[in-house]
Each structure stands twice: as C-alpha cells, then as structure tokens.
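Student: Got a structure for you, written out below as structure tokens; questions coming shortly.
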Amino acid sequence: MRLDKFFSEQKILSRREVGEKVRKGCIAVNGKVATKSDVSIDEKRDVVTLDGEVVEYKKYVYVLLNKPSGYVSSTEDPRDKTVLELLPDNLQRLKLFPCGRLDKDTVGLVILTNDGVSAHNALSPKRHVEKKYFFKVADEYSDEDSFAIESGITLADGYATKPCKIERIDNNSGYITLTEGKYHEIKRLFGARGNKIVFLKRISFSSIVLGDLPEGEWRFLTEEEEKIFISVK
Ligand code: URA
C-alpha cells in the first residue's frame with residue numbers, strides 16, 4: 001500500500017497533508033524518515049510513525065455508543081438527529097453505520113462500524129446473537145405474561161417470535177434477552193399481552209456489555225470485544 005493511502009484510507013491525513021508532513025520530515029517508516037509520499041509500505045508489518053507516534057493500521061473501526069433517547073439509528077435522516085451525530089468528525093468521515101436499529105426512544109448499546117461483513121453476520125438471524133435489554137412496563141406483568149412471551153407469541157402481522165428469556169426485577173420491570181431483532185419486537189411482545197413498554201435500554205450484545213458508559217458517550221471496542229463481534233456465532 002502507498003504511504004499516502006495508508007494515512008488517507010484511515011482518514012488520519014489527506015494525501016495532500018501526507019505530502020506536507022513528508023516534506024517536513026514528520027513521517028518515518030521503520031525508523032527511516034520518509035522522503036516520498038508514494039513509497040510502498042507493508043501496512044501490516046512496517047512501523048509507521050507520525051510526529052514520533054506509532055500509527056497502527058486499522059482497516060475497520062468498531063465503536064460502542066450509549067444512545068440517548070431522541071436519536072435515530074441511521075446514517076442520515078431528514079428530520080431527526082442520527083446516532084452518527086454523537087461521534088466526532090474524524091469518526092463521522094469513516095462512513096460508520098449502526099449495526100442494527102434501536103427505536104428513537106430506546107436508549108443504550110449501539111455498535112457502529114464500517115465492517116459490513118461482520119455487521120451483516122452479527123445481525124444474521126442464523127447467528128442467534130443474544131441482545132439483552134432492561135425494560136419497564138406501564139402495568140404489572142404476571143408470570144403468565146412472562147411465560148407466554150418467553151415461549152413465543154404470534155404477533156398481529158402473523159410473525160411467530162422466537163423464544164426469549166425474561167428475568168423479573170419487580171412487577172413492572174426486568175431484563176429480556178432476544179436472539180432476533182424484529183421491528184419494535186419488545187414493544188409488540190408486551191403489547192400483545194395488553195401492556196406497554198415505557199422504558200427500554202439495551203445493555204448487552206453477545207458478551208459485549210454497555211457497563212457504566214454515560215448516555216451520549218462512545219468508546220472503541222476493546223481488542224477482545226472486536227474479536228467477539230467479528231466472530232459472533
Ligand atoms: N424492541 C423494541 O421494541 N424496540 C427496540 O428499540 C429494540 C427492541
């Protein structure tokens with residue numbers, strides 16, 4: 001890969017900026033100051049530094065965001081704010097997209113990436129990736145409600161939901177873990193039992209957990225989490 005592409009592909013510097021940095025002697029490859037921006041490098045092996053700092057080659061980026069209410073899970077929207085607007089400019093330029101959708105009023109864990117293949121795999125219904133949510137409902141729910149929802153419900157459009165798991169916290173709240181992600185699924189599950197979701201927060205995706213990341217904030221997935229995301233089975 002050309003040195004200028006190494007920087008421009010990762011949106012660290014534009015090709016023109018690479019030229020400027022090279023002229024100023026700010027870029028080195030394996031300890032040798034680069035004199036041309038079109039030199040060929042091995043991006044996986046060569047050690048590239050910019051202003052003395054090592055720049056690791058990362059083809060894909062994986063970001064975990066704690067989505068606040070009021071943002072839509074898409075890359076652009078004519079009316080609403082999108083989750084991408086919560087990321088800094090340098091990340092927005094990487095053409096990230098949310099892996100799966102949360103409703104506008106749902107909060108919590110959203111993974112954004114530019115790795116289309118892994119995102120597709122992670123969302124594939126065949127993979128049965130577990131997604132866990134904390135929920136609150138307007139009215140008390142019974143053990144029969146839990147049992148019916150856990151066993152699978154035929155929704156108004158005829159779709160029969162896959163089995164899921166509910167862990168009760170109290171009469172109006174709990175955790176629900178789904179292995180699929182149909183449109184408004186949790187709201188429709190409780191709706192089918194005559195109840196109404198009043199708060200919904202996704203707290204984990206596979207074994208990647210939201211933890212105490214504040215609402216509206218983001219962080220990169222750790223290497224361990226990247227591996228989990230890429231290889232979700
Ligand atoms: N189920 C819903 O009803 N809404 C979401 O945002 C996610 C799951």
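Chain lettering (A, B, ...) mirrors the order of the structure tokens, residue numbering begins at 1 for each chain separately, and ligand numbering begins at 1 in order of display.
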Write out as number ranges by chain each polymer residue (protein, DNA or RNA) that has an atom no more than 7 Å from ligand 1, with only C-alpha atoms and all ligand atoms counted.
Tutor: A: 101-103, 106, 181, 183-188
Student: Dump N, CA and C atoms for the selected residues as a CSV table (one decimal), in the first residue's frame?
Tutor:
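This is the output file out28.csv:
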chain,number,residue,atom,x,y,z
A,101,ARG,N,-30.8,-1.7,14.6
A,101,ARG,CA,-31.5,-0.5,15.0
A,101,ARG,C,-32.1,-0.5,16.3
A,102,LEU,N,-32.1,0.6,17.1
A,102,LEU,CA,-32.9,0.8,18.3
A,102,LEU,C,-33.9,1.8,17.9
A,103,ASP,N,-35.1,1.7,18.5
A,103,ASP,CA,-36.1,2.7,18.2
A,103,ASP,C,-35.6,4.1,18.7
A,106,THR,N,-35.6,4.3,22.4
A,106,THR,CA,-34.8,3.3,23.1
A,106,THR,C,-33.4,3.8,23.4
A,181,GLY,N,-34.2,-9.7,16.1
A,181,GLY,CA,-34.4,-8.3,16.2
A,181,GLY,C,-35.4,-7.7,15.2
A,183,TYR,N,-38.7,-5.6,14.0
A,183,TYR,CA,-39.1,-4.2,14.2
A,183,TYR,C,-40.0,-4.1,15.5
A,184,HIS,N,-39.7,-3.2,16.4
A,184,HIS,CA,-40.4,-2.9,17.6
A,184,HIS,C,-40.7,-4.2,18.4
A,185,GLU,N,-39.8,-5.2,18.3
A,185,GLU,CA,-40.2,-6.5,18.8
A,185,GLU,C,-40.7,-6.5,20.3
A,186,ILE,N,-39.9,-5.9,21.1
A,186,ILE,CA,-40.2,-6.0,22.6
A,186,ILE,C,-41.5,-5.2,22.9
A,187,LYS,N,-41.7,-4.1,22.2
A,187,LYS,CA,-42.9,-3.3,22.4
A,187,LYS,C,-44.1,-4.1,21.9
A,188,ARG,N,-43.9,-4.9,20.8
A,188,ARG,CA,-45.0,-5.6,20.3
A,188,ARG,C,-45.3,-6.9,21.2
Student: Residues of region 31-218 of chain A in alpha helix (DSSP H) according to DSSP, as a VMD selection string?
Tutor: chain A and resid 89 to 92 116 to 123 143 to 151 185 to 191
Student: As a ChimeraX atom specification, please: the residues near Val47 (chain A) (cut-off 7 Å, only C-alpha atoms, same-chain neighbours under 5 positions excluded).
Tutor: /A:29-30,54
Student: Just to be explicit: take each residue in the selection above, keep N, CA, C and O atoms, and write the result as an mmCIF file, in the first residue's frame.
Tutor:
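This went into selection-v3.cif:
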data_model
loop_
_atom_site.group_PDB
_atom_site.id
_atom_site.type_symbol
_atom_site.label_atom_id
_atom_site.label_comp_id
_atom_site.auth_asym_id
_atom_site.auth_seq_id
_atom_site.Cartn_x
_atom_site.Cartn_y
_atom_site.Cartn_z
ATOM 1 N N VAL A 29 9.249 5.448 8.348
ATOM 2 C CA VAL A 29 8.869 4.045 8.158
ATOM 3 C C VAL A 29 10.036 3.195 8.652
ATOM 4 O O VAL A 29 11.174 3.361 8.170
ATOM 5 N N ASN A 30 9.781 2.374 9.612
ATOM 6 C CA ASN A 30 10.815 1.540 10.247
ATOM 7 C C ASN A 30 12.013 2.379 10.697
ATOM 8 O O ASN A 30 13.167 2.006 10.477
ATOM 9 N N VAL A 54 3.681 6.054 16.914
ATOM 10 C CA VAL A 54 3.395 4.918 16.031
ATOM 11 C C VAL A 54 1.923 4.972 15.588
ATOM 12 O O VAL A 54 1.032 5.206 16.396
#
Student: Go through A:Arg168, A:Arg15, A:Arg127, A:Arg202 one by one, measure the shortest atom-to-atom distance of each to Ser146 (chain A) using only C-alpha atoms, and give the residue with the smallest value.
Tutor: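 The shortest atom-to-atom distance to Ser146 (chain A) comes from A:Arg168.
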Student: Considering only C-alpha atoms, can you say which of A:Arg93, A:Lys196, A:Lys126, A:Lys58 comes closest to Glu223 (chain A)?
Tutor: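 Nearest to Glu223 (chain A): A:Lys58.
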Student: When you look at Leu178 (chain A) with a cut-off of 10 Å (counting only C-alpha atoms), what residues show up, excluding the ones that are within fewer than 5 positions of it in the same chain? I need them as a list in words.
Tutor: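 After dropping sequence-adjacent residues, the list is His128, Val129, Glu130, Lys131, Lys132, Tyr133, Glu150, Thr161, Lys162, Pro163, Cys164, Lys165, Ile166, Glu185, Ile186 and Phe205 of chain A.
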Student: Taking C-alpha atoms for each residue, export the selection above as a PDB file, in the first residue's frame.
Tutor:
ATOM      1  CA  HIS A 128     -28.841 -16.076  17.251  1.00  0.00           C
ATOM      2  CA  VAL A 129     -26.774 -13.338  18.885  1.00  0.00           C
ATOM      3  CA  GLU A 130     -28.189 -12.548  22.331  1.00  0.00           C
ATOM      4  CA  LYS A 131     -29.265  -8.954  22.915  1.00  0.00           C
ATOM      5  CA  LYS A 132     -30.240  -8.084  26.464  1.00  0.00           C
ATOM      6  CA  TYR A 133     -32.489  -5.159  27.421  1.00  0.00           C
ATOM      7  CA  GLU A 150     -40.734 -16.425  26.543  1.00  0.00           C
ATOM      8  CA  THR A 161     -41.488 -14.703  17.629  1.00  0.00           C
ATOM      9  CA  LYS A 162     -38.573 -16.918  18.668  1.00  0.00           C
ATOM     10  CA  PRO A 163     -38.326 -17.996  22.302  1.00  0.00           C
ATOM     11  CA  CYS A 164     -36.636 -15.466  24.578  1.00  0.00           C
ATOM     12  CA  LYS A 165     -35.779 -15.052  28.250  1.00  0.00           C
ATOM     13  CA  ILE A 166     -37.251 -12.718  30.869  1.00  0.00           C
ATOM     14  CA  GLU A 185     -40.213  -6.523  18.830  1.00  0.00           C
ATOM     15  CA  ILE A 186     -40.193  -5.972  22.586  1.00  0.00           C
ATOM     16  CA  PHE A 205     -24.863  -7.512  22.590  1.00  0.00           C
TER      17      PHE A 205
END
Student: I want to know what sits within 9 Å of Val61 (chain A), based on only C-alpha atoms, with residues of the same chain fewer than 3 positions away left out; could you give that as a list in words?
Tutor: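 Answer for this query is Lys58, Leu91, Leu94, Leu96, Leu112, Thr113, Asn114, Asp115, Phe220 and Leu221 of chain A.
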Student: What parts of region 4-177 of chain A does DSSP call strand (DSSP E or B)? I'd like the answer as a VMD selection string.
Tutor: chain A and resid 27 to 29 32 to 33 40 48 to 50 53 to 54 62 to 67 71 to 72 81 to 82 97 to 98 107 to 113 131 to 137 154 160 165 to 170 173 to 177
